[in-house]
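K.L.:
First, the structure itself, so that you have it in front of you.
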Amino acid sequence: MPSYELALMLKAMPKPELKTTLTRISHAIFNRGGIIRNIENLGFRAMPYKTSSHSLVHREANYFVFKIDTATQAVADLKEEYSRDVDIIRQRVYKIPDKADQTCTLEQELLPPAYREEVQKMIELGKSQVNRFTYKFKYNSGLDYYPFQK
Amino acid sequence: MALLKTFTIRSVFSGTHRAIISSLRSYSSTPVVAEEDDAPVEIENPYKKEKPQCILCKLNITPDYKNYRLLSQFQSPYTGRIYGRHITGLCKAKQALVESEIRKAQNCAYLPYYYKDKAFLKDPRLFDPENPIRSHRF
Ligand SMILES: [Zn+2]
């Protein structure tokens with residue numbers, strides 16, 4: 001099962017109700033055979049922009065991030081269920097990216113253009129193509145008329 | 001007593017001096033220095049410049065959409081626009097990552113689209129937008 005991050009914005013509500021909402025959200029994951037690795041509470045704060053959902057305008061939200069492992073097919077199902085939940089203002093699911101250990105390529109990027117590999121590739125490509133600025137139409141091409149405007 | 005001391009020290013010094021000179025003479029008169037000791041030594045270029053690295057690679061930071069305070073430092077405080085690679089001085093991979101994570105954070109309502117949170121306005125500047133690496137038309 002791949003790992004996902006479920007970023008949820010819950011509407012402003014008292015603590016006991018928040019607790020029941022979180023358990024409801026978690027049970028939806030468990031019912032589809034998923035597991036929760038971690039729940040992060042990013043706090044209650046003002047949203048940077050107002051959001052309307054379920055015919056209510058929200059300016060503040062409880063931010064939560066669930067780290068879950070679930071089947072890929074269950075994700076769309078979960079999204080659909082959460083979209084019907086009136087306590088959830090907004091929800092986003094992101095796949096956790098693989099750890100890519102790469103080295104910094106800034107040194108090659110700061111070279112003058114002629115020494116950069118991508119520029120050299122472009123020059124090679126340009127050599128293999130017809131230069132339309134210097135190309136001259138040949139009259140012996142088999143056409144019995146001049147195809148361009150004179 | 002003091003006079004005696006200085007006298008003895010002087011005599012000792014002069015004695016050693018003579019000995020050193022005699023030993024030098026004996027060395028210079030016989031060229032027995034092995035060729036391997038005198039040969040030029042293969043070393044790395046001591047004047048080679050340090051490999052330039054972008055600030056995120058140097059500090060080994062992977063940008064994350066939940067760390068929106070860091071991401072907001074790559075945005076213009078006036079328009080919320082993401083600064084380009086010629087201003088931020090990041091390598092291509094990190095710049096692409098920063099841009100995608102900012103988009104994610106804006107989508108999750110962690111970051112605003114068209115301004116910068118006023119709590120973050122006095123954060124230390126990682127780069128100078130007035131002095132880009134390459135000139136631009138803005
Ligand atoms: Zn880098």
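The chains in the structure tokens are called A, B, ... from first to last as shown; in each chain the residues are counted from 1, and the ligands are counted from 1 in the order shown.
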Which residues come within 6 Å of A:Val65, counting only C-alpha atoms, excluding same-chain residues fewer than 5 positions away, as a PyMOL selection string?
P.N.:
chain A and resi 6-7+39-40
K.L.:
What parts of chain A does DSSP call strand (DSSP E or B)? I'd like the answer as a ChimeraX atom specification.
P.N.:
/A:3-10,35-53,56-69,88-95
K.L.:
Would you mind writing down, as number ranges by chain, each residue of chain A that DSSP on the backbone assigns to alpha helix (DSSP H)?
P.N.:
A: 15-31, 72-84, 106-109, 117-127
K.L.:
What residues of the protein or nucleic acid chains come within 6 Å of ligand 1 when you use only C-alpha atoms and all ligand atoms? Reply as a list in words.
P.N.:
Cys104, Thr105 and Leu106 of chain A; Gln53, Cys54, Cys57, Leu90, Cys91 and Lys94 of chain B
K.L.:
Once you count only C-alpha atoms, which residues of chain B turn out to be within 9 Å of chain A? Could you give them as a VMD selection string?
P.N.:
chain B and resid 51 to 54 57 to 58 66 89 to 94 104 106 to 113 117 133
K.L.:
Name the closest residue to B:Gly80 among the candidates B:Pro46, B:Pro63, B:Pro40, B:Tyr114; distances are taken between atoms, counting only C-alpha atoms.
P.N.:
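Between B:Pro46, B:Pro63, B:Pro40, B:Tyr114, the residue approaching B:Gly80 most closely is B:Tyr114.
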K.L.:
Taking into account only C-alpha atoms, which residue in the set A:Phe44, A:Ala28, A:Lys136, A:Glu17 is nearest to A:Tyr82?
P.N.:
A:Ala28
